[in-house]
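Undergrad: Sharing a structure, written as structure tokens. Questions coming.
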Amino acid sequence: MTATEIDRPRLESAKVAVGFTFATNGLAYAGWLARAPAVRDGLELSAAGFGLLLLCLSVAAISAIPLAGPLVQRVGPARAVLIGSTSMVLGLTGLATGTLLGSVPLAGLGLVLAGLGNSTWDVAMNVEGADVERRLGRTIMPRFHAGFSLGTVLGAAFSAVAAATGLPIWAQLYLTAALAAAVTGPTVRRFLPYHPLPAGQKPAMSVGQAWREPRTVLIGLVMLGFGFTEGTANDWLAIGLVDGYQAGETTGAIAFGVFVTAMTLGRLFGGYAIERWGRVRTLRVTAASAALGLLLVVSGTAVPLAIAGALLWGAGASLGFPIGMSSAADDPARAAIRVSVAGSVGYGAFLAGPPLIGLLAEHLGVLQAMLCVFGALAIGLLASGATRPLPHARD
């Protein structure tokens, strides 16, 4: 994206549009996870089997990320979001139909399409968000990610109501797909103008060059550690309450809702912490919060303590990904490629997490399996120094 001047009203309009795009992505991608037990039970899968099913989502997502950066560079963030959201809608429809029919292969195909679409959508909206942030001259990326969390909050609330009223999970998925299709198209028309490179001109950076940059890879490790922390709660917190505490499905959905609400609040107000403390110190504080919350959840003591732990866990996991995305996009001329490479490393958490937790849960139980999150947090902390801002960015 070029460094052309954008008038203030156009910039504010783009900021709102990016926020809505993040929120819709959160609702479409993660909202249904609060009812993961219903999907698991509808397909008659064990914990390990469900973890392997989620692997379809994870493998597709991480496979698409290296391709998303060049795609965004070629067609622009708006068109890339449309491509990704279309794949997501088709994927949710496939998951719904597979659950309705009890077909694991169809549900797996739906998750593959959802994973491919989400990665494209994710990289594109983060590149657009970083450009808007840079032009505004203040830290707002966490607020965009708060939009994603708000989408998951709305999805979790919908899930809790749906579970309490007996709405089938397949019906919820169909409704979610329809909403995503209706919102995304009008929203991306308000993105900033995109000017592709002239024919024959090479991009500022190739994917291979970005993979050889230590800073970019280390930023990816930060995202890996915090992404594993976030993703474990997304995939397994509700199941942990149901299986580990013998709580009902509604209680599991409430705990997940508390987690994503805490993530939303952390991202809404996290920009102030980043501007006051800097990226590195903020990561250290949030990691401590996530660790304490995890301890409360896995203690198995009482449901209220577990829900309090979900609150701290959500707040602690809230800023790792937005800080990583902003750091990777410090140089706007190389933002799309670096975001896709750092994201490729970061989304490894979503590749390794579901099957790892599922396999451990088979032998140890879900709550004990969650203890491996501490290792992920340690990785994120060790690499956190790479998120310090670049001394200058080249346009």
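Chain labels A, B, ... are given in the sequence in which chains occur in the structure tokens; within each chain residues are numbered consecutively from 1, and ligands are likewise numbered from 1 in the order shown.
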Write out as an mmCIF file with N, CA and C atoms, in the first residue's frame the residues lying within 12 Å of region 272-288 of chain A, counting only C-alpha atoms and excluding same-chain residues fewer than 6 positions away.
TA:
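This went into part37.cif:
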data_model
loop_
_atom_site.group_PDB
_atom_site.id
_atom_site.type_symbol
_atom_site.label_atom_id
_atom_site.label_comp_id
_atom_site.auth_asym_id
_atom_site.auth_seq_id
_atom_site.Cartn_x
_atom_site.Cartn_y
_atom_site.Cartn_z
ATOM 1 N N GLY A 137 -1.271 7.431 13.737
ATOM 2 C CA GLY A 137 -0.175 7.819 14.614
ATOM 3 C C GLY A 137 -0.385 7.479 16.078
ATOM 4 N N ARG A 138 -1.237 6.501 16.378
ATOM 5 C CA ARG A 138 -1.425 6.068 17.764
ATOM 6 C C ARG A 138 -1.736 4.567 17.796
ATOM 7 N N THR A 139 -1.559 3.964 18.971
ATOM 8 C CA THR A 139 -1.740 2.518 19.110
ATOM 9 C C THR A 139 -3.219 2.163 19.138
ATOM 10 N N ILE A 140 -3.703 1.537 18.072
ATOM 11 C CA ILE A 140 -5.109 1.115 18.019
ATOM 12 C C ILE A 140 -5.263 -0.343 17.587
ATOM 13 N N MET A 141 -4.155 -1.018 17.263
ATOM 14 C CA MET A 141 -4.279 -2.418 16.853
ATOM 15 C C MET A 141 -4.960 -3.281 17.918
ATOM 16 N N PRO A 142 -4.633 -3.095 19.227
ATOM 17 C CA PRO A 142 -5.362 -3.889 20.222
ATOM 18 C C PRO A 142 -6.869 -3.676 20.166
ATOM 19 N N ARG A 143 -7.308 -2.489 19.808
ATOM 20 C CA ARG A 143 -8.751 -2.248 19.723
ATOM 21 C C ARG A 143 -9.366 -2.989 18.539
ATOM 22 N N ILE A 219 9.233 -12.649 16.446
ATOM 23 C CA ILE A 219 7.882 -12.116 16.637
ATOM 24 C C ILE A 219 6.859 -13.237 16.463
ATOM 25 N N VAL A 222 6.634 -15.169 19.635
ATOM 26 C CA VAL A 222 5.776 -14.488 20.616
ATOM 27 C C VAL A 222 4.316 -14.822 20.338
ATOM 28 N N MET A 223 3.936 -14.713 19.081
ATOM 29 C CA MET A 223 2.561 -15.020 18.696
ATOM 30 C C MET A 223 2.245 -16.498 18.911
ATOM 31 N N GLY A 225 3.527 -18.467 21.322
ATOM 32 C CA GLY A 225 3.312 -18.693 22.745
ATOM 33 C C GLY A 225 1.979 -18.175 23.231
ATOM 34 N N PHE A 226 1.667 -16.934 22.869
ATOM 35 C CA PHE A 226 0.406 -16.353 23.324
ATOM 36 C C PHE A 226 -0.775 -16.922 22.544
ATOM 37 N N GLY A 227 -0.541 -17.306 21.289
ATOM 38 C CA GLY A 227 -1.606 -17.927 20.512
ATOM 39 C C GLY A 227 -1.995 -19.284 21.069
ATOM 40 N N THR A 229 -1.719 -20.080 24.178
ATOM 41 C CA THR A 229 -2.428 -19.746 25.414
ATOM 42 C C THR A 229 -3.877 -19.389 25.130
ATOM 43 N N GLU A 230 -4.084 -18.573 24.108
ATOM 44 C CA GLU A 230 -5.443 -18.190 23.719
ATOM 45 C C GLU A 230 -6.204 -19.362 23.109
ATOM 46 N N ALA A 262 -13.070 -10.960 28.949
ATOM 47 C CA ALA A 262 -11.820 -10.445 29.504
ATOM 48 C C ALA A 262 -10.829 -10.112 28.399
ATOM 49 N N MET A 263 -10.782 -10.932 27.352
ATOM 50 C CA MET A 263 -9.912 -10.631 26.222
ATOM 51 C C MET A 263 -10.328 -9.331 25.551
ATOM 52 N N LEU A 265 -11.934 -6.733 26.896
ATOM 53 C CA LEU A 265 -11.584 -5.594 27.744
ATOM 54 C C LEU A 265 -10.076 -5.349 27.728
ATOM 55 N N GLY A 266 -9.288 -6.426 27.755
ATOM 56 C CA GLY A 266 -7.841 -6.270 27.704
ATOM 57 C C GLY A 266 -7.386 -5.593 26.426
ATOM 58 N N LEU A 294 -4.660 -19.615 34.574
ATOM 59 C CA LEU A 294 -4.572 -21.029 34.223
ATOM 60 C C LEU A 294 -4.521 -21.903 35.472
ATOM 61 N N LEU A 295 -3.747 -21.467 36.476
ATOM 62 C CA LEU A 295 -3.666 -22.229 37.724
ATOM 63 C C LEU A 295 -5.034 -22.392 38.374
ATOM 64 N N LEU A 312 -8.890 -14.031 34.389
ATOM 65 C CA LEU A 312 -7.471 -13.670 34.371
ATOM 66 C C LEU A 312 -6.765 -14.237 33.144
ATOM 67 N N TRP A 313 -7.138 -15.429 32.763
ATOM 68 C CA TRP A 313 -6.559 -16.073 31.577
ATOM 69 C C TRP A 313 -6.864 -15.250 30.330
ATOM 70 N N GLY A 314 -8.099 -14.811 30.195
ATOM 71 C CA GLY A 314 -8.480 -14.012 29.039
ATOM 72 C C GLY A 314 -7.749 -12.688 28.979
ATOM 73 N N ALA A 315 -7.643 -12.005 30.138
ATOM 74 C CA ALA A 315 -6.915 -10.733 30.170
ATOM 75 C C ALA A 315 -5.450 -10.945 29.812
ATOM 76 N N GLY A 316 -4.867 -12.033 30.319
ATOM 77 C CA GLY A 316 -3.457 -12.290 30.068
ATOM 78 C C GLY A 316 -3.141 -12.669 28.640
ATOM 79 N N ALA A 317 -4.080 -13.306 27.978
ATOM 80 C CA ALA A 317 -3.851 -13.730 26.591
ATOM 81 C C ALA A 317 -4.210 -12.658 25.578
ATOM 82 N N SER A 318 -4.675 -11.511 26.039
ATOM 83 C CA SER A 318 -5.332 -10.554 25.142
ATOM 84 C C SER A 318 -4.406 -9.811 24.191
ATOM 85 N N LEU A 319 -3.163 -9.547 24.585
ATOM 86 C CA LEU A 319 -2.341 -8.609 23.816
ATOM 87 C C LEU A 319 -1.203 -9.252 23.026
ATOM 88 N N GLY A 320 -0.976 -10.539 23.187
ATOM 89 C CA GLY A 320 0.135 -11.172 22.481
ATOM 90 C C GLY A 320 0.020 -11.076 20.978
ATOM 91 N N PHE A 321 -1.144 -11.409 20.446
ATOM 92 C CA PHE A 321 -1.320 -11.381 18.993
ATOM 93 C C PHE A 321 -1.346 -9.958 18.435
ATOM 94 N N PRO A 322 -2.100 -9.013 19.017
ATOM 95 C CA PRO A 322 -2.055 -7.653 18.459
ATOM 96 C C PRO A 322 -0.678 -7.017 18.517
ATOM 97 N N ILE A 323 0.067 -7.246 19.603
ATOM 98 C CA ILE A 323 1.426 -6.709 19.669
ATOM 99 C C ILE A 323 2.296 -7.348 18.595
ATOM 100 N N GLY A 324 2.147 -8.643 18.397
ATOM 101 C CA GLY A 324 2.915 -9.318 17.358
ATOM 102 C C GLY A 324 2.595 -8.799 15.970
ATOM 103 N N MET A 325 1.315 -8.609 15.674
ATOM 104 C CA MET A 325 0.920 -8.107 14.357
ATOM 105 C C MET A 325 1.441 -6.693 14.125
ATOM 106 N N SER A 326 1.311 -5.826 15.132
ATOM 107 C CA SER A 326 1.826 -4.458 14.993
ATOM 108 C C SER A 326 3.331 -4.466 14.785
ATOM 109 N N SER A 327 4.032 -5.316 15.523
ATOM 110 C CA SER A 327 5.491 -5.387 15.415
ATOM 111 C C SER A 327 5.917 -5.865 14.035
ATOM 112 N N VAL A 373 0.304 -25.256 28.688
ATOM 113 C CA VAL A 373 0.253 -23.837 28.314
ATOM 114 C C VAL A 373 1.399 -23.062 28.960
ATOM 115 N N PHE A 374 1.854 -23.491 30.136
ATOM 116 C CA PHE A 374 2.962 -22.793 30.786
ATOM 117 C C PHE A 374 4.209 -22.795 29.910
ATOM 118 N N GLY A 375 4.476 -23.880 29.223
ATOM 119 C CA GLY A 375 5.615 -23.929 28.314
ATOM 120 C C GLY A 375 5.471 -22.948 27.172
ATOM 121 N N ALA A 376 4.253 -22.816 26.651
ATOM 122 C CA ALA A 376 4.008 -21.871 25.562
ATOM 123 C C ALA A 376 4.236 -20.437 26.021
ATOM 124 N N LEU A 377 3.774 -20.124 27.230
ATOM 125 C CA LEU A 377 3.994 -18.780 27.766
ATOM 126 C C LEU A 377 5.482 -18.481 27.916
ATOM 127 N N ALA A 378 6.258 -19.473 28.326
ATOM 128 C CA ALA A 378 7.702 -19.272 28.476
ATOM 129 C C ALA A 378 8.349 -18.942 27.134
ATOM 130 N N ILE A 379 7.929 -19.616 26.075
ATOM 131 C CA ILE A 379 8.458 -19.331 24.736
ATOM 132 C C ILE A 379 8.149 -17.892 24.341
ATOM 133 N N GLY A 380 6.913 -17.465 24.559
ATOM 134 C CA GLY A 380 6.526 -16.105 24.216
ATOM 135 C C GLY A 380 7.332 -15.065 24.967
ATOM 136 N N LEU A 381 7.584 -15.316 26.244
ATOM 137 C CA LEU A 381 8.346 -14.364 27.047
ATOM 138 C C LEU A 381 9.803 -14.289 26.602
ATOM 139 N N LEU A 382 10.407 -15.426 26.302
ATOM 140 C CA LEU A 382 11.808 -15.440 25.881
ATOM 141 C C LEU A 382 12.023 -14.674 24.578
ATOM 142 N N ALA A 383 11.024 -14.662 23.709
ATOM 143 C CA ALA A 383 11.150 -13.985 22.414
ATOM 144 C C ALA A 383 10.600 -12.565 22.428
ATOM 145 N N SER A 384 10.081 -12.110 23.559
ATOM 146 C CA SER A 384 9.337 -10.842 23.591
ATOM 147 C C SER A 384 10.177 -9.624 23.241
ATOM 148 N N GLY A 385 11.499 -9.688 23.440
ATOM 149 C CA GLY A 385 12.342 -8.541 23.121
ATOM 150 C C GLY A 385 12.303 -8.147 21.657
ATOM 151 N N ALA A 386 11.943 -9.080 20.782
ATOM 152 C CA ALA A 386 11.891 -8.788 19.343
ATOM 153 C C ALA A 386 10.765 -7.834 18.981
ATOM 154 N N THR A 387 9.820 -7.613 19.887
ATOM 155 C CA THR A 387 8.683 -6.748 19.559
ATOM 156 C C THR A 387 8.988 -5.264 19.731
ATOM 157 N N ARG A 388 10.194 -4.935 20.194
ATOM 158 C CA ARG A 388 10.533 -3.511 20.303
ATOM 159 C C ARG A 388 10.409 -2.854 18.927
ATOM 160 N N PRO A 389 9.867 -1.625 18.861
ATOM 161 C CA PRO A 389 9.647 -0.974 17.562
ATOM 162 C C PRO A 389 10.948 -0.794 16.786
ATOM 163 N N LEU A 390 10.842 -0.868 15.467
ATOM 164 C CA LEU A 390 11.989 -0.584 14.614
ATOM 165 C C LEU A 390 12.383 0.881 14.777
#
Undergrad: Find the nearest atom pair between each residue of region 4-123 of chain A and region 171-183 of chain A for residues within 9 Å, count only C-alpha atoms, give distances in Å to one decimal, sort rows by chain and ascending number, and present the table as a tab-separated table.
TA:
residue	atom	partner	partner_atom	distance
A:Phe20	CA	A:Val183	CA	8.5
A:Thr21	CA	A:Val183	CA	8.3
A:Thr24	CA	A:Ala180	CA	6.2
A:Asn25	CA	A:Ala180	CA	7.7
A:Leu27	CA	A:Thr176	CA	7.4
A:Ala28	CA	A:Thr176	CA	6.1
A:Gly31	CA	A:Thr176	CA	8.5
A:Trp32	CA	A:Leu173	CA	7.1
A:Ser85	CA	A:Ala181	CA	7.2
A:Thr86	CA	A:Ala181	CA	7.2
A:Met88	CA	A:Ala177	CA	7.8
A:Val89	CA	A:Ala177	CA	4.9
A:Leu90	CA	A:Ala177	CA	7.7
A:Gly91	CA	A:Ala177	CA	8.5
A:Leu92	CA	A:Ala177	CA	5.9
A:Thr93	CA	A:Tyr174	CA	5.9
A:Leu95	CA	A:Leu173	CA	7.6
A:Ala96	CA	A:Leu173	CA	5.5
A:Thr97	CA	A:Tyr174	CA	8.6
A:Leu100	CA	A:Ala171	CA	8.6
Undergrad: Quick one: everything within 8 Å of region 356-368 of chain A, counting only C-alpha atoms, minus sequence neighbours fewer than 3 positions away in the same chain. Send it as a PyMOL selection string.
TA: chain A and resi 47-52+232+236+239-240+243-244+297-300+352-353+371
Undergrad: If you take only C-alpha atoms and a cut-off of 8 Å, which residues of region 230-334 of chain A touch region 160-168 of chain A, and what are their nearest atom pairs and distances in Å to one decimal, in chain and number order, as a Markdown table?
TA:
| residue | atom | partner | partner_atom | distance |
| --- | --- | --- | --- | --- |
| A:Glu249 | CA | A:Ala163 | CA | 7.1 |
| A:Thr250 | CA | A:Ala160 | CA | 5.7 |
| A:Ala253 | CA | A:Ala160 | CA | 5.5 |
| A:Ile254 | CA | A:Ala160 | CA | 6.7 |
Undergrad: Check the smallest atom-to-atom distance from each of A:Leu109, A:Val75, A:Val207, A:Val132 to Ile337 (chain A) using only C-alpha atoms, then report the winner.
TA: A:Val207
Undergrad: Enter the distance from CA of Gly309 (chain A) to CA of Gly26 (chain A), in Å, rounded to one decimal.
TA: 21.9 Å
Undergrad: Looking only at helix (DSSP H, G or I) from DSSP on the backbone, list the matching residues of region 75-308 of chain A as a compact mmCIF listing (two decimals) with C-alpha atoms, in the first residue's frame.
TA:
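Writing the result to part-v5.txt gives the following:
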# COMPACT_ATOMS: atom_id res chain seq x y z
CA VAL A 75 -5.07 -7.87 -4.84
CA PRO A 77 -6.68 -6.20 1.72
CA ALA A 78 -10.32 -5.59 0.71
CA ARG A 79 -10.43 -8.22 -2.03
CA ALA A 80 -8.42 -10.65 0.10
CA VAL A 81 -10.95 -10.31 2.94
CA LEU A 82 -13.77 -11.06 0.49
CA ILE A 83 -11.98 -14.17 -0.76
CA GLY A 84 -11.33 -15.36 2.77
CA SER A 85 -14.82 -14.65 4.07
CA THR A 86 -16.41 -16.54 1.18
CA SER A 87 -14.34 -19.61 2.04
CA MET A 88 -15.27 -19.18 5.70
CA VAL A 89 -19.00 -19.06 4.93
CA LEU A 90 -18.74 -22.21 2.84
CA GLY A 91 -16.79 -23.87 5.64
CA LEU A 92 -19.33 -23.06 8.35
CA THR A 93 -22.07 -24.36 6.07
CA GLY A 94 -20.14 -27.61 5.60
CA LEU A 95 -19.56 -27.98 9.35
CA ALA A 96 -23.25 -27.40 10.03
CA THR A 97 -24.33 -29.95 7.44
CA GLY A 98 -21.78 -32.48 8.64
CA THR A 99 -22.97 -32.13 12.24
CA LEU A 100 -26.60 -32.39 11.16
CA LEU A 101 -25.94 -35.58 9.19
CA VAL A 104 -17.23 -36.52 10.22
CA PRO A 105 -15.68 -36.23 6.71
CA LEU A 106 -18.11 -33.47 5.72
CA ALA A 107 -17.53 -31.64 8.99
CA GLY A 108 -13.78 -31.98 8.43
CA LEU A 109 -14.08 -30.56 4.91
CA GLY A 110 -16.03 -27.64 6.32
CA LEU A 111 -13.28 -26.98 8.86
CA VAL A 112 -10.65 -27.09 6.09
CA LEU A 113 -12.52 -24.40 4.12
CA ALA A 114 -13.01 -22.37 7.29
CA GLY A 115 -9.30 -22.58 8.10
CA LEU A 116 -8.22 -21.56 4.60
CA GLY A 117 -10.64 -18.66 4.60
CA ASN A 118 -9.78 -17.46 8.07
CA SER A 119 -6.05 -17.21 7.37
CA THR A 120 -6.60 -15.09 4.28
CA TRP A 121 -9.15 -12.95 6.09
CA ASP A 122 -6.88 -12.64 9.14
CA VAL A 123 -3.71 -11.52 7.35
CA ALA A 124 -5.62 -9.08 5.13
CA MET A 125 -7.48 -7.33 7.95
CA ASN A 126 -4.30 -7.09 10.06
CA VAL A 127 -2.38 -5.49 7.19
CA GLU A 128 -5.22 -3.02 6.70
CA GLY A 129 -5.41 -2.38 10.44
CA ALA A 130 -1.67 -1.75 10.69
CA ASP A 131 -1.86 0.76 7.83
CA VAL A 132 -4.72 2.61 9.51
CA GLU A 133 -2.83 2.56 12.83
CA ARG A 134 0.31 3.97 11.21
CA ARG A 135 -1.58 6.77 9.47
CA LEU A 136 -3.44 7.71 12.66
CA MET A 141 -4.28 -2.42 16.85
CA PRO A 142 -5.36 -3.89 20.22
CA ARG A 143 -8.75 -2.25 19.72
CA PHE A 144 -9.13 -3.91 16.35
CA HIS A 145 -8.37 -7.21 18.02
CA ALA A 146 -10.90 -6.23 20.68
CA GLY A 147 -13.36 -6.16 17.81
CA PHE A 148 -12.45 -9.79 17.15
CA SER A 149 -12.94 -10.60 20.82
CA LEU A 150 -16.25 -8.74 20.84
CA GLY A 151 -17.34 -10.95 17.98
CA THR A 152 -16.46 -14.02 20.03
CA VAL A 153 -18.33 -12.55 23.03
CA LEU A 154 -21.43 -12.13 20.89
CA GLY A 155 -20.92 -15.63 19.55
CA ALA A 156 -20.52 -17.02 23.07
CA ALA A 157 -23.66 -15.21 24.23
CA PHE A 158 -25.55 -16.58 21.24
CA SER A 159 -24.15 -20.02 22.05
CA ALA A 160 -25.25 -19.82 25.69
CA VAL A 161 -28.77 -18.79 24.69
CA ALA A 162 -28.87 -21.44 21.98
CA ALA A 163 -27.73 -24.14 24.40
CA ALA A 164 -30.22 -23.05 27.06
CA THR A 165 -33.13 -22.98 24.59
CA ILE A 169 -25.67 -26.41 16.88
CA TRP A 170 -26.13 -26.95 13.13
CA ALA A 171 -28.85 -24.27 13.06
CA GLN A 172 -26.56 -21.87 14.91
CA LEU A 173 -23.80 -22.49 12.37
CA TYR A 174 -26.13 -21.80 9.43
CA LEU A 175 -27.22 -18.52 11.01
CA THR A 176 -23.62 -17.51 11.69
CA ALA A 177 -22.62 -18.18 8.08
CA ALA A 178 -25.52 -16.09 6.79
CA LEU A 179 -24.59 -13.17 9.05
CA ALA A 180 -20.93 -13.24 7.98
CA ALA A 181 -21.92 -13.21 4.31
CA ALA A 182 -24.27 -10.26 4.82
CA VAL A 183 -21.83 -8.06 6.74
CA THR A 184 -18.44 -8.52 5.08
CA GLY A 185 -19.15 -7.24 1.56
CA PRO A 186 -20.45 -3.77 2.49
CA THR A 187 -17.78 -3.35 5.17
CA VAL A 188 -14.66 -3.83 3.03
CA VAL A 207 8.56 -14.56 1.57
CA GLY A 208 11.96 -16.26 1.63
CA GLN A 209 13.70 -13.07 2.71
CA ALA A 210 11.24 -12.59 5.56
CA TRP A 211 11.80 -16.15 6.77
CA PRO A 214 15.53 -13.26 12.98
CA ARG A 215 13.27 -10.48 14.24
CA THR A 216 10.31 -11.60 12.13
CA VAL A 217 10.68 -15.23 13.23
CA LEU A 218 11.03 -14.22 16.90
CA ILE A 219 7.88 -12.12 16.64
CA GLY A 220 6.25 -15.24 15.30
CA LEU A 221 7.40 -17.13 18.41
CA VAL A 222 5.78 -14.49 20.62
CA MET A 223 2.56 -15.02 18.70
CA LEU A 224 3.06 -18.79 18.96
CA GLY A 225 3.31 -18.69 22.75
CA PHE A 226 0.41 -16.35 23.32
CA GLY A 227 -1.61 -17.93 20.51
CA PHE A 228 -1.30 -21.35 22.16
CA THR A 229 -2.43 -19.75 25.41
CA GLU A 230 -5.44 -18.19 23.72
CA GLY A 231 -6.22 -21.14 21.48
CA THR A 232 -6.23 -23.66 24.31
CA ALA A 233 -8.98 -21.71 26.03
CA ASN A 234 -10.89 -21.26 22.77
CA ASP A 235 -10.89 -24.98 22.03
CA TRP A 236 -10.90 -26.61 25.45
CA LEU A 237 -12.09 -24.26 28.21
CA ALA A 238 -15.76 -25.11 27.78
CA ILE A 239 -14.97 -28.82 27.58
CA GLY A 240 -12.72 -28.50 30.64
CA LEU A 241 -15.62 -27.13 32.69
CA VAL A 242 -17.99 -29.82 31.42
CA ASP A 243 -15.60 -32.77 31.84
CA GLY A 244 -13.34 -31.58 34.67
CA GLU A 249 -23.00 -27.19 28.81
CA THR A 250 -24.46 -23.80 29.72
CA THR A 251 -21.85 -23.37 32.48
CA GLY A 252 -19.10 -24.20 30.00
CA ALA A 253 -20.45 -21.59 27.60
CA ILE A 254 -20.57 -19.02 30.42
CA ALA A 255 -16.93 -19.70 31.35
CA PHE A 256 -15.91 -19.30 27.72
CA GLY A 257 -17.93 -16.08 27.58
CA VAL A 258 -16.06 -14.75 30.63
CA PHE A 259 -12.76 -15.59 28.94
CA VAL A 260 -13.55 -13.79 25.70
CA THR A 261 -15.08 -10.84 27.58
CA ALA A 262 -11.82 -10.45 29.50
CA MET A 263 -9.91 -10.63 26.22
CA THR A 264 -12.13 -7.92 24.79
CA LEU A 265 -11.58 -5.59 27.74
CA GLY A 266 -7.84 -6.27 27.70
CA ARG A 267 -7.67 -5.30 24.06
CA LEU A 268 -9.92 -2.27 24.41
CA PHE A 269 -7.70 -0.76 27.10
CA GLY A 270 -4.42 -2.48 26.24
CA GLY A 271 -3.29 0.36 24.00
CA TYR A 272 -2.86 2.58 27.06
CA ALA A 273 -0.63 -0.05 28.71
CA ILE A 274 1.46 -0.43 25.56
CA GLU A 275 1.98 3.32 25.22
CA ARG A 276 2.90 3.63 28.91
CA TRP A 277 5.00 0.49 29.45
CA ARG A 279 5.44 -3.71 24.14
CA VAL A 280 7.92 -5.90 26.04
CA ARG A 281 6.87 -4.99 29.59
CA THR A 282 3.21 -5.27 28.65
CA LEU A 283 3.80 -8.81 27.40
CA ARG A 284 5.44 -9.74 30.71
CA VAL A 285 2.55 -8.41 32.80
CA THR A 286 -0.09 -10.12 30.70
CA ALA A 287 1.81 -13.43 30.77
CA ALA A 288 1.73 -13.36 34.58
CA SER A 289 -2.03 -12.81 34.50
CA ALA A 290 -2.53 -15.71 32.09
CA ALA A 291 -0.41 -18.03 34.25
CA LEU A 292 -2.38 -17.21 37.41
CA GLY A 293 -5.68 -17.69 35.61
CA LEU A 294 -4.57 -21.03 34.22
CA LEU A 295 -3.67 -22.23 37.72
CA LEU A 296 -7.15 -21.40 38.98
CA VAL A 297 -8.83 -23.19 36.08
CA VAL A 298 -6.82 -26.41 36.35
CA VAL A 303 -16.54 -23.68 39.44
CA PRO A 304 -16.49 -20.04 40.73
CA LEU A 305 -12.69 -20.18 41.02
CA ALA A 306 -12.44 -21.64 37.54
CA ILE A 307 -14.57 -18.83 36.15
CA ALA A 308 -12.36 -16.28 37.96
